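These notes are about the structure you will find just below.
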Protein chains: 2
Amino acid sequence: MGNSDDILGLDNQLCFALYAANRAMTARYRPLLMELGLTYPQYLVLLVLWEAAAAGDVVRVSGLGERLRLDSGTLTPLLKRLEERGLVRRQRSVEDERVVTVVATGPGLALREQARSIPGRLLCSTGVDPDRLMALRDELRSVLAQLESQAPSAR
Amino acid sequence: MGNSDDILGLDNQLCFALYAANRAMTARYRPLLMELGLTYPQYLVLLVLWEAAAAGDVVRVSGLGERLRLDSGTLTPLLKRLEERGLVRRQRSVEDERVVTVVATGPGLALREQARSIPGRLLCSTGVDPDRLMALRDELRSVLAQLESQAPSAR
DNA sequence: TGATAATGTATTGTGCACAAGATAATTGAG
DNA sequence: CTCAATTATCTTGTGCACAATACATTATCA
């Protein structure tokens, strides 16, 4: 075990704790999402599209990117895969032909019902107190907001 | 903004908070690590190899995988890239030829001195109270341990 | 109006992650 | 000793992430 005061000790790094916990969490999702034929990022995209459909909003690729913090190099091929499977429709806007809007199709919207059980099942699967997880979520959001509020290269 | 009680609301998901915070954090590391010519996973591998060198231990590929929670499909090409750059040496064990050991070379060990400033600079860059970050790290480690202690498919 | 800048998306290239399967070496039961 | 099972690593294929660049469209201004 590394020294607990080693500034470069792997286990002392917040970044590694984040990195490992994130992958462990998505690994927990994987078998549940496989039932829906989705990867984890695809699931996140659908969460946004389901919310938009419920609110009657139209989402563009750039809107997905802002919400999920992903760029077009990630989203474009991901959306094409979802479109090939008929879960999503991409359409170039007629008012502004630079814009591509994305909506969930019938099958894409139907998936939401199957997805409904996922958060609950995952919560059980973790075996951690839900209140602790919610507190952790809030703290992560707070840190994320702080990270994003700063200039990218603040020293 | 999605309903705060929508069980499928993006912003209500712990998983998304983890996912976004992790990427924001590694994005903070990126410019600092670029000075050393390293990616973030390469940096993690070197953290382990530096620790091992200090302790006089020899690390095998499987040991790196256990420590970092990565499999050989990720590590093998990563280690080859580090080896091409002369930062690492891979050597098949003579006692057991299935085993490949990995050690940091002179230049690889020298990088540690340059890396020493990174945790401190990153801490400043986040603009978050260090005690809060340490508490967050400990909570993440605790959740990670809980996730890893359970059967992979515990319902 | 006609050049120029800004905007929104797509493409290309590199490097993780991870599943599945292959390969080679070692171990162990008989 | 022999061969099946195990172990450790490597390979292949798919799908993110992200930087850099390209491209078409729209907006701006001299």
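We label chains A, B, ... in the order they appear in the structure tokens, count residues from 1 in each chain, and number ligands from 1 in the order shown.
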
Item to check | Distance-based interface of chain B with chain D, 9 Å, counting only C-alpha atoms (C1' of nucleotides), as a PyMOL selection string | outcome: chain B and resi 61-62+72-73+76+97-100

How would chain A read as a short mmCIF file (atom, residue, chain, number, x, y, z; two decimals) with N, CA and C atoms, in the first residue's frame after a least-squares superposition onto chain B over every Cα atom, matched in order?
```
data_model
loop_
_atom_site.label_atom_id
_atom_site.label_comp_id
_atom_site.auth_asym_id
_atom_site.auth_seq_id
_atom_site.Cartn_x
_atom_site.Cartn_y
_atom_site.Cartn_z
N MET A 1 -35.54 22.48 -17.46
CA MET A 1 -34.96 21.62 -16.40
C MET A 1 -35.92 20.48 -16.12
N GLY A 2 -35.41 19.28 -15.98
CA GLY A 2 -36.27 18.13 -15.74
C GLY A 2 -36.87 18.18 -14.35
N ASN A 3 -38.00 17.52 -14.21
CA ASN A 3 -38.60 17.42 -12.89
C ASN A 3 -37.60 16.85 -11.90
N SER A 4 -37.56 17.42 -10.72
CA SER A 4 -36.57 16.96 -9.76
C SER A 4 -36.98 15.63 -9.15
N ASP A 5 -38.20 15.15 -9.44
CA ASP A 5 -38.59 13.84 -8.94
C ASP A 5 -38.77 12.83 -10.06
N ASP A 6 -38.36 13.21 -11.27
CA ASP A 6 -38.41 12.26 -12.39
C ASP A 6 -37.31 11.23 -12.20
N ILE A 7 -37.73 10.00 -12.05
CA ILE A 7 -36.75 8.95 -11.76
C ILE A 7 -35.78 8.74 -12.92
N LEU A 8 -36.19 9.15 -14.12
CA LEU A 8 -35.31 9.04 -15.29
C LEU A 8 -34.75 10.40 -15.71
N GLY A 9 -34.87 11.37 -14.85
CA GLY A 9 -34.32 12.69 -15.18
C GLY A 9 -32.80 12.67 -15.18
N LEU A 10 -32.22 13.16 -16.24
CA LEU A 10 -30.76 13.10 -16.37
C LEU A 10 -30.06 13.65 -15.14
N ASP A 11 -30.54 14.79 -14.67
CA ASP A 11 -29.83 15.45 -13.58
C ASP A 11 -30.10 14.80 -12.23
N ASN A 12 -30.98 13.83 -12.21
CA ASN A 12 -31.23 13.11 -10.95
C ASN A 12 -30.37 11.87 -10.83
N GLN A 13 -29.64 11.54 -11.88
CA GLN A 13 -28.88 10.30 -11.91
C GLN A 13 -27.50 10.49 -11.27
N LEU A 14 -27.21 9.65 -10.29
CA LEU A 14 -25.85 9.64 -9.74
C LEU A 14 -24.85 9.30 -10.83
N CYS A 15 -25.23 8.34 -11.68
CA CYS A 15 -24.30 7.87 -12.70
C CYS A 15 -23.86 9.01 -13.59
N PHE A 16 -24.78 9.90 -13.95
CA PHE A 16 -24.40 11.00 -14.83
C PHE A 16 -23.51 12.00 -14.11
N ALA A 17 -23.80 12.22 -12.82
CA ALA A 17 -22.94 13.12 -12.05
C ALA A 17 -21.52 12.58 -12.01
N LEU A 18 -21.39 11.27 -11.82
CA LEU A 18 -20.07 10.64 -11.80
C LEU A 18 -19.40 10.77 -13.16
N TYR A 19 -20.17 10.45 -14.19
CA TYR A 19 -19.67 10.45 -15.56
C TYR A 19 -19.17 11.84 -15.96
N ALA A 20 -19.97 12.84 -15.68
CA ALA A 20 -19.61 14.21 -16.08
C ALA A 20 -18.47 14.75 -15.23
N ALA A 21 -18.51 14.48 -13.93
CA ALA A 21 -17.45 14.98 -13.05
C ALA A 21 -16.12 14.33 -13.40
N ASN A 22 -16.15 13.05 -13.70
CA ASN A 22 -14.91 12.36 -14.08
C ASN A 22 -14.29 12.96 -15.32
N ARG A 23 -15.14 13.24 -16.32
CA ARG A 23 -14.57 13.78 -17.55
C ARG A 23 -14.11 15.22 -17.36
N ALA A 24 -14.82 15.96 -16.54
CA ALA A 24 -14.38 17.33 -16.27
C ALA A 24 -13.04 17.32 -15.54
N MET A 25 -12.88 16.37 -14.63
CA MET A 25 -11.63 16.30 -13.87
C MET A 25 -10.47 15.89 -14.78
N THR A 26 -10.65 14.88 -15.60
CA THR A 26 -9.55 14.47 -16.49
C THR A 26 -9.26 15.58 -17.50
N ALA A 27 -10.28 16.36 -17.85
CA ALA A 27 -10.03 17.49 -18.75
C ALA A 27 -9.13 18.52 -18.08
N ARG A 28 -9.26 18.64 -16.76
CA ARG A 28 -8.37 19.55 -16.02
C ARG A 28 -6.94 19.03 -16.03
N TYR A 29 -6.79 17.73 -15.96
CA TYR A 29 -5.45 17.15 -15.98
C TYR A 29 -4.78 17.28 -17.34
N ARG A 30 -5.58 17.24 -18.38
CA ARG A 30 -5.04 17.09 -19.73
C ARG A 30 -3.93 18.07 -20.07
N PRO A 31 -4.15 19.38 -19.89
CA PRO A 31 -3.07 20.30 -20.25
C PRO A 31 -1.82 20.11 -19.40
N LEU A 32 -1.98 19.73 -18.13
CA LEU A 32 -0.81 19.50 -17.28
C LEU A 32 -0.06 18.26 -17.74
N LEU A 33 -0.80 17.21 -18.08
CA LEU A 33 -0.15 15.97 -18.51
C LEU A 33 0.46 16.11 -19.89
N MET A 34 -0.12 16.97 -20.69
CA MET A 34 0.43 17.17 -22.03
C MET A 34 1.85 17.68 -21.94
N GLU A 35 2.15 18.45 -20.89
CA GLU A 35 3.53 18.92 -20.70
C GLU A 35 4.49 17.75 -20.55
N LEU A 36 3.99 16.65 -20.02
CA LEU A 36 4.82 15.45 -19.87
C LEU A 36 4.63 14.48 -21.04
N GLY A 37 3.76 14.83 -21.96
CA GLY A 37 3.50 13.95 -23.09
C GLY A 37 2.74 12.71 -22.72
N LEU A 38 1.94 12.81 -21.67
CA LEU A 38 1.20 11.64 -21.19
C LEU A 38 -0.31 11.83 -21.33
N THR A 39 -1.00 10.72 -21.56
CA THR A 39 -2.45 10.73 -21.40
C THR A 39 -2.76 10.40 -19.95
N TYR A 40 -4.02 10.55 -19.60
CA TYR A 40 -4.40 10.32 -18.23
C TYR A 40 -4.21 8.86 -17.79
N PRO A 41 -4.65 7.88 -18.58
CA PRO A 41 -4.40 6.49 -18.17
C PRO A 41 -2.90 6.16 -18.12
N GLN A 42 -2.13 6.73 -19.01
CA GLN A 42 -0.68 6.51 -18.97
C GLN A 42 -0.10 7.05 -17.67
N TYR A 43 -0.59 8.19 -17.24
CA TYR A 43 -0.17 8.79 -15.97
C TYR A 43 -0.49 7.86 -14.81
N LEU A 44 -1.66 7.27 -14.82
CA LEU A 44 -2.03 6.34 -13.75
C LEU A 44 -1.10 5.14 -13.73
N VAL A 45 -0.78 4.61 -14.91
CA VAL A 45 0.15 3.48 -14.97
C VAL A 45 1.50 3.87 -14.37
N LEU A 46 1.97 5.04 -14.70
CA LEU A 46 3.26 5.47 -14.16
C LEU A 46 3.19 5.69 -12.65
N LEU A 47 2.07 6.18 -12.14
CA LEU A 47 1.93 6.31 -10.68
C LEU A 47 2.20 4.96 -10.01
N VAL A 48 1.64 3.91 -10.59
CA VAL A 48 1.82 2.57 -10.02
C VAL A 48 3.28 2.13 -10.15
N LEU A 49 3.86 2.38 -11.31
CA LEU A 49 5.25 1.94 -11.53
C LEU A 49 6.22 2.72 -10.66
N TRP A 50 5.94 3.99 -10.42
CA TRP A 50 6.79 4.79 -9.54
C TRP A 50 6.71 4.27 -8.11
N GLU A 51 5.51 3.96 -7.68
CA GLU A 51 5.34 3.39 -6.33
C GLU A 51 6.10 2.07 -6.21
N ALA A 52 5.98 1.24 -7.24
CA ALA A 52 6.63 -0.07 -7.20
C ALA A 52 8.15 0.08 -7.16
N ALA A 53 8.66 1.02 -7.97
CA ALA A 53 10.11 1.23 -7.99
C ALA A 53 10.60 1.67 -6.62
N ALA A 54 9.85 2.56 -5.98
CA ALA A 54 10.24 3.05 -4.66
C ALA A 54 10.22 1.92 -3.64
N ALA A 55 9.31 0.99 -3.80
CA ALA A 55 9.18 -0.12 -2.85
C ALA A 55 10.05 -1.31 -3.23
N GLY A 56 10.72 -1.21 -4.40
CA GLY A 56 11.53 -2.32 -4.86
C GLY A 56 10.71 -3.50 -5.36
N ASP A 57 9.47 -3.24 -5.72
CA ASP A 57 8.61 -4.31 -6.21
C ASP A 57 8.69 -4.43 -7.72
N VAL A 58 8.37 -5.62 -8.20
CA VAL A 58 8.24 -5.84 -9.62
C VAL A 58 6.76 -5.99 -9.93
N VAL A 59 6.31 -5.29 -10.94
CA VAL A 59 4.89 -5.31 -11.28
C VAL A 59 4.70 -6.10 -12.56
N ARG A 60 3.69 -6.93 -12.57
CA ARG A 60 3.33 -7.62 -13.80
C ARG A 60 2.09 -6.95 -14.40
N VAL A 61 1.81 -7.29 -15.64
CA VAL A 61 0.66 -6.70 -16.32
C VAL A 61 -0.61 -6.95 -15.52
N SER A 62 -0.75 -8.16 -15.01
CA SER A 62 -1.96 -8.46 -14.26
C SER A 62 -2.04 -7.63 -12.98
N GLY A 63 -0.88 -7.33 -12.39
CA GLY A 63 -0.86 -6.50 -11.19
C GLY A 63 -1.33 -5.08 -11.48
N LEU A 64 -0.87 -4.53 -12.61
CA LEU A 64 -1.36 -3.22 -13.04
C LEU A 64 -2.87 -3.25 -13.24
N GLY A 65 -3.33 -4.34 -13.84
CA GLY A 65 -4.76 -4.45 -14.10
C GLY A 65 -5.58 -4.47 -12.82
N GLU A 66 -5.10 -5.20 -11.82
CA GLU A 66 -5.84 -5.26 -10.55
C GLU A 66 -5.85 -3.90 -9.88
N ARG A 67 -4.73 -3.25 -9.92
CA ARG A 67 -4.62 -1.97 -9.23
C ARG A 67 -5.48 -0.90 -9.89
N LEU A 68 -5.44 -0.87 -11.21
CA LEU A 68 -6.14 0.18 -11.96
C LEU A 68 -7.52 -0.26 -12.45
N ARG A 69 -7.84 -1.51 -12.21
CA ARG A 69 -9.12 -2.07 -12.69
C ARG A 69 -9.21 -2.00 -14.21
N LEU A 70 -8.12 -2.37 -14.87
CA LEU A 70 -8.11 -2.39 -16.32
C LEU A 70 -7.69 -3.77 -16.79
N ASP A 71 -8.15 -4.18 -17.97
CA ASP A 71 -7.77 -5.50 -18.46
C ASP A 71 -6.65 -5.39 -19.49
N SER A 72 -6.18 -6.53 -19.95
CA SER A 72 -5.01 -6.54 -20.83
C SER A 72 -5.32 -5.91 -22.19
N GLY A 73 -6.57 -5.94 -22.60
CA GLY A 73 -6.93 -5.31 -23.85
C GLY A 73 -6.71 -3.81 -23.83
N THR A 74 -6.77 -3.23 -22.66
CA THR A 74 -6.47 -1.81 -22.50
C THR A 74 -4.98 -1.60 -22.23
N LEU A 75 -4.42 -2.45 -21.37
CA LEU A 75 -3.05 -2.21 -20.91
C LEU A 75 -2.00 -2.56 -21.96
N THR A 76 -2.18 -3.65 -22.67
CA THR A 76 -1.13 -4.08 -23.59
C THR A 76 -0.76 -2.99 -24.61
N PRO A 77 -1.73 -2.45 -25.35
CA PRO A 77 -1.33 -1.39 -26.30
C PRO A 77 -0.81 -0.13 -25.60
N LEU A 78 -1.38 0.20 -24.45
CA LEU A 78 -0.92 1.38 -23.71
C LEU A 78 0.55 1.20 -23.30
N LEU A 79 0.88 0.03 -22.78
CA LEU A 79 2.26 -0.24 -22.36
C LEU A 79 3.21 -0.26 -23.55
N LYS A 80 2.72 -0.75 -24.68
CA LYS A 80 3.57 -0.74 -25.88
C LYS A 80 3.91 0.68 -26.30
N ARG A 81 2.93 1.58 -26.18
CA ARG A 81 3.20 2.98 -26.54
C ARG A 81 4.22 3.58 -25.58
N LEU A 82 4.08 3.28 -24.29
CA LEU A 82 5.05 3.79 -23.33
C LEU A 82 6.43 3.20 -23.58
N GLU A 83 6.46 1.94 -24.01
CA GLU A 83 7.74 1.29 -24.28
C GLU A 83 8.40 1.89 -25.51
N GLU A 84 7.60 2.17 -26.54
CA GLU A 84 8.16 2.79 -27.75
C GLU A 84 8.81 4.13 -27.43
N ARG A 85 8.27 4.81 -26.42
CA ARG A 85 8.81 6.11 -26.05
C ARG A 85 9.93 5.98 -25.03
N GLY A 86 10.27 4.75 -24.66
CA GLY A 86 11.40 4.53 -23.77
C GLY A 86 11.13 4.83 -22.31
N LEU A 87 9.87 4.96 -21.93
CA LEU A 87 9.54 5.28 -20.54
C LEU A 87 9.39 4.02 -19.69
N VAL A 88 9.28 2.90 -20.35
CA VAL A 88 8.92 1.65 -19.69
C VAL A 88 9.61 0.50 -20.39
N ARG A 89 9.93 -0.55 -19.63
CA ARG A 89 10.46 -1.75 -20.25
C ARG A 89 9.57 -2.93 -19.89
N ARG A 90 9.17 -3.68 -20.89
CA ARG A 90 8.37 -4.89 -20.67
C ARG A 90 9.30 -6.08 -20.87
N GLN A 91 9.17 -7.07 -19.99
CA GLN A 91 10.07 -8.21 -20.09
C GLN A 91 9.33 -9.48 -19.68
N ARG A 92 9.42 -10.48 -20.53
CA ARG A 92 8.75 -11.73 -20.20
C ARG A 92 9.58 -12.45 -19.14
N SER A 93 8.92 -12.90 -18.12
CA SER A 93 9.60 -13.56 -17.00
C SER A 93 10.24 -14.86 -17.46
N VAL A 94 11.39 -15.17 -16.88
CA VAL A 94 12.06 -16.42 -17.25
C VAL A 94 11.55 -17.59 -16.42
N GLU A 95 11.15 -17.31 -15.18
CA GLU A 95 10.63 -18.40 -14.34
C GLU A 95 9.28 -18.88 -14.89
N ASP A 96 8.43 -17.92 -15.24
CA ASP A 96 7.11 -18.26 -15.77
C ASP A 96 6.88 -17.44 -17.02
N GLU A 97 6.99 -18.10 -18.15
CA GLU A 97 6.96 -17.36 -19.42
C GLU A 97 5.59 -16.83 -19.78
N ARG A 98 4.60 -17.08 -18.94
CA ARG A 98 3.30 -16.46 -19.21
C ARG A 98 3.29 -15.02 -18.71
N VAL A 99 4.18 -14.73 -17.79
CA VAL A 99 4.18 -13.44 -17.10
C VAL A 99 5.02 -12.40 -17.84
N VAL A 100 4.50 -11.19 -17.94
CA VAL A 100 5.27 -10.06 -18.45
C VAL A 100 5.38 -9.02 -17.34
N THR A 101 6.61 -8.68 -17.00
CA THR A 101 6.82 -7.66 -15.97
C THR A 101 7.07 -6.31 -16.62
N VAL A 102 6.71 -5.26 -15.90
CA VAL A 102 6.83 -3.90 -16.42
C VAL A 102 7.56 -3.05 -15.40
N VAL A 103 8.59 -2.33 -15.85
CA VAL A 103 9.30 -1.40 -14.97
C VAL A 103 9.50 -0.07 -15.69
N ALA A 104 9.55 0.99 -14.90
CA ALA A 104 9.87 2.30 -15.45
C ALA A 104 11.37 2.35 -15.71
N THR A 105 11.75 2.88 -16.86
CA THR A 105 13.17 3.05 -17.20
C THR A 105 13.69 4.33 -16.55
N GLY A 106 14.95 4.67 -16.80
CA GLY A 106 15.51 5.92 -16.29
C GLY A 106 14.66 7.12 -16.66
N PRO A 107 14.41 7.34 -17.96
CA PRO A 107 13.55 8.47 -18.35
C PRO A 107 12.16 8.38 -17.73
N GLY A 108 11.66 7.17 -17.60
CA GLY A 108 10.34 7.00 -17.00
C GLY A 108 10.34 7.42 -15.54
N LEU A 109 11.41 7.06 -14.82
CA LEU A 109 11.52 7.45 -13.41
C LEU A 109 11.75 8.95 -13.28
N ALA A 110 12.49 9.51 -14.25
CA ALA A 110 12.78 10.94 -14.19
C ALA A 110 11.52 11.78 -14.32
N LEU A 111 10.56 11.26 -15.05
CA LEU A 111 9.31 11.99 -15.25
C LEU A 111 8.62 12.29 -13.92
N ARG A 112 8.88 11.45 -12.93
CA ARG A 112 8.22 11.61 -11.64
C ARG A 112 8.50 12.99 -11.03
N GLU A 113 9.71 13.47 -11.26
CA GLU A 113 10.04 14.78 -10.69
C GLU A 113 9.18 15.87 -11.31
N GLN A 114 9.00 15.77 -12.64
CA GLN A 114 8.13 16.75 -13.31
C GLN A 114 6.69 16.60 -12.86
N ALA A 115 6.31 15.38 -12.53
CA ALA A 115 4.90 15.12 -12.17
C ALA A 115 4.58 15.62 -10.77
N ARG A 116 5.62 15.84 -9.98
CA ARG A 116 5.42 16.18 -8.58
C ARG A 116 4.52 17.40 -8.37
N SER A 117 4.59 18.33 -9.31
CA SER A 117 3.83 19.58 -9.13
C SER A 117 2.37 19.43 -9.54
N ILE A 118 2.06 18.33 -10.21
CA ILE A 118 0.72 18.23 -10.81
C ILE A 118 -0.42 18.24 -9.79
N PRO A 119 -0.37 17.40 -8.75
CA PRO A 119 -1.52 17.40 -7.82
C PRO A 119 -1.78 18.78 -7.22
N GLY A 120 -0.72 19.48 -6.85
CA GLY A 120 -0.91 20.81 -6.27
C GLY A 120 -1.50 21.80 -7.25
N ARG A 121 -0.96 21.79 -8.47
CA ARG A 121 -1.47 22.72 -9.47
C ARG A 121 -2.92 22.41 -9.80
N LEU A 122 -3.24 21.12 -9.82
CA LEU A 122 -4.62 20.75 -10.13
C LEU A 122 -5.56 21.20 -9.04
N LEU A 123 -5.13 21.06 -7.82
CA LEU A 123 -5.96 21.46 -6.68
C LEU A 123 -6.30 22.94 -6.79
N CYS A 124 -5.30 23.76 -7.11
CA CYS A 124 -5.56 25.18 -7.31
C CYS A 124 -6.55 25.39 -8.45
N SER A 125 -6.32 24.64 -9.52
CA SER A 125 -7.12 24.82 -10.72
C SER A 125 -8.60 24.54 -10.50
N THR A 126 -8.90 23.62 -9.58
CA THR A 126 -10.31 23.28 -9.36
C THR A 126 -11.03 24.41 -8.64
N GLY A 127 -10.34 25.10 -7.76
CA GLY A 127 -10.98 26.16 -7.02
C GLY A 127 -11.96 25.66 -5.96
N VAL A 128 -11.79 24.42 -5.55
CA VAL A 128 -12.68 23.84 -4.54
C VAL A 128 -11.88 23.62 -3.26
N ASP A 129 -12.54 23.73 -2.15
CA ASP A 129 -11.91 23.54 -0.85
C ASP A 129 -11.27 22.14 -0.76
N PRO A 130 -9.97 22.07 -0.48
CA PRO A 130 -9.26 20.78 -0.44
C PRO A 130 -9.90 19.77 0.52
N ASP A 131 -10.38 20.24 1.66
CA ASP A 131 -10.99 19.30 2.60
C ASP A 131 -12.23 18.65 2.01
N ARG A 132 -12.98 19.45 1.26
CA ARG A 132 -14.17 18.88 0.62
C ARG A 132 -13.76 17.83 -0.41
N LEU A 133 -12.69 18.12 -1.14
CA LEU A 133 -12.26 17.17 -2.16
C LEU A 133 -11.77 15.88 -1.52
N MET A 134 -11.08 16.00 -0.40
CA MET A 134 -10.61 14.78 0.27
C MET A 134 -11.79 13.98 0.82
N ALA A 135 -12.79 14.67 1.32
CA ALA A 135 -13.98 13.97 1.81
C ALA A 135 -14.68 13.27 0.65
N LEU A 136 -14.73 13.96 -0.48
CA LEU A 136 -15.36 13.36 -1.67
C LEU A 136 -14.58 12.12 -2.11
N ARG A 137 -13.26 12.25 -2.10
CA ARG A 137 -12.42 11.10 -2.48
C ARG A 137 -12.70 9.90 -1.58
N ASP A 138 -12.78 10.15 -0.29
CA ASP A 138 -13.00 9.05 0.64
C ASP A 138 -14.38 8.42 0.43
N GLU A 139 -15.35 9.26 0.16
CA GLU A 139 -16.70 8.72 -0.06
C GLU A 139 -16.72 7.89 -1.35
N LEU A 140 -16.02 8.36 -2.38
CA LEU A 140 -15.97 7.60 -3.63
C LEU A 140 -15.27 6.26 -3.43
N ARG A 141 -14.20 6.29 -2.65
CA ARG A 141 -13.50 5.02 -2.38
C ARG A 141 -14.39 4.05 -1.64
N SER A 142 -15.16 4.58 -0.72
CA SER A 142 -16.06 3.73 0.05
C SER A 142 -17.13 3.11 -0.85
N VAL A 143 -17.70 3.93 -1.73
CA VAL A 143 -18.71 3.40 -2.65
C VAL A 143 -18.08 2.40 -3.60
N LEU A 144 -16.88 2.72 -4.08
CA LEU A 144 -16.19 1.78 -4.97
C LEU A 144 -15.98 0.43 -4.29
N ALA A 145 -15.53 0.48 -3.04
CA ALA A 145 -15.30 -0.76 -2.30
C ALA A 145 -16.60 -1.55 -2.17
N GLN A 146 -17.68 -0.82 -1.91
CA GLN A 146 -18.97 -1.49 -1.78
C GLN A 146 -19.38 -2.14 -3.10
N LEU A 147 -19.18 -1.40 -4.20
CA LEU A 147 -19.53 -1.94 -5.52
C LEU A 147 -18.71 -3.18 -5.83
N GLU A 148 -17.45 -3.15 -5.44
CA GLU A 148 -16.57 -4.27 -5.81
C GLU A 148 -16.73 -5.46 -4.88
N SER A 149 -17.32 -5.23 -3.72
CA SER A 149 -17.47 -6.33 -2.76
C SER A 149 -18.67 -7.19 -3.09
N GLN A 150 -19.53 -6.70 -4.00
CA GLN A 150 -20.76 -7.42 -4.31
C GLN A 150 -20.58 -8.29 -5.54
N ALA A 151 -21.40 -9.32 -5.61
CA ALA A 151 -21.40 -10.15 -6.80
C ALA A 151 -21.75 -9.26 -7.99
N PRO A 152 -21.08 -9.47 -9.13
CA PRO A 152 -21.26 -8.60 -10.29
C PRO A 152 -22.71 -8.44 -10.69
N SER A 153 -23.54 -9.44 -10.48
CA SER A 153 -24.92 -9.34 -10.95
C SER A 153 -25.90 -9.47 -9.80
N ALA A 154 -25.50 -8.98 -8.62
CA ALA A 154 -26.46 -8.96 -7.52
C ALA A 154 -27.64 -8.10 -7.94
N ARG A 155 -28.85 -8.59 -7.74
CA ARG A 155 -30.00 -7.87 -8.24
C ARG A 155 -30.31 -6.68 -7.34
#
```

Item to check | Which of segment 26-140 of chain B DSSP labels helix (DSSP H, G or I), written as a ChimeraX atom specification | outcome: /B:26-34,40-55,61-68,72-84,106-115,118-126,130-140

Next on the checklist: Would you mind listing, as a ChimeraX atom specification, all residues of chain C that have at least one atom within 9 Å of chain B, where only C-alpha atoms (C1' of nucleotides) are what counts?
Outcome noted: /C:15-18,24-26

Limited to C-alpha atoms (C1' of nucleotides), could you put the picked residues into a file as an mmCIF file, in the first residue's frame?
```
data_model
loop_
_atom_site.group_PDB
_atom_site.id
_atom_site.type_symbol
_atom_site.label_atom_id
_atom_site.label_comp_id
_atom_site.auth_asym_id
_atom_site.auth_seq_id
_atom_site.Cartn_x
_atom_site.Cartn_y
_atom_site.Cartn_z
ATOM 1 C "C1'" DG C 15 -6.158 6.505 -27.592
ATOM 2 C "C1'" DC C 16 -8.710 4.368 -24.268
ATOM 3 C "C1'" DA C 17 -12.383 0.575 -22.412
ATOM 4 C "C1'" DC C 18 -14.168 -3.815 -22.693
ATOM 5 C "C1'" DA C 24 1.220 -20.243 -25.136
ATOM 6 C "C1'" DA C 25 2.968 -21.799 -20.792
ATOM 7 C "C1'" DT C 26 2.164 -24.093 -16.403
#
```

Next on the checklist: Can you pull out every residue from chain A that DSSP, working from the backbone, puts in strand (DSSP E), and format the result as a PyMOL selection string?
Outcome noted: chain A and resi 59-60+88-92+100-104

Export of the given selection (C-alpha atoms) as a compact mmCIF listing (two decimals), in the first residue's frame:
```txt
# COMPACT_ATOMS: atom_id res chain seq x y z
CA VAL A 59 -33.34 18.98 -29.45
CA ARG A 60 -30.49 19.72 -31.77
CA VAL A 88 -34.08 8.04 -33.30
CA ARG A 89 -34.67 10.29 -36.28
CA ARG A 90 -32.19 12.94 -37.35
CA GLN A 91 -33.44 15.73 -39.56
CA ARG A 92 -31.72 18.75 -40.98
CA VAL A 100 -29.71 18.86 -37.25
CA THR A 101 -32.55 18.04 -34.89
CA VAL A 102 -32.91 14.70 -33.13
CA VAL A 103 -36.11 13.09 -31.86
CA ALA A 104 -36.94 9.70 -30.42
```
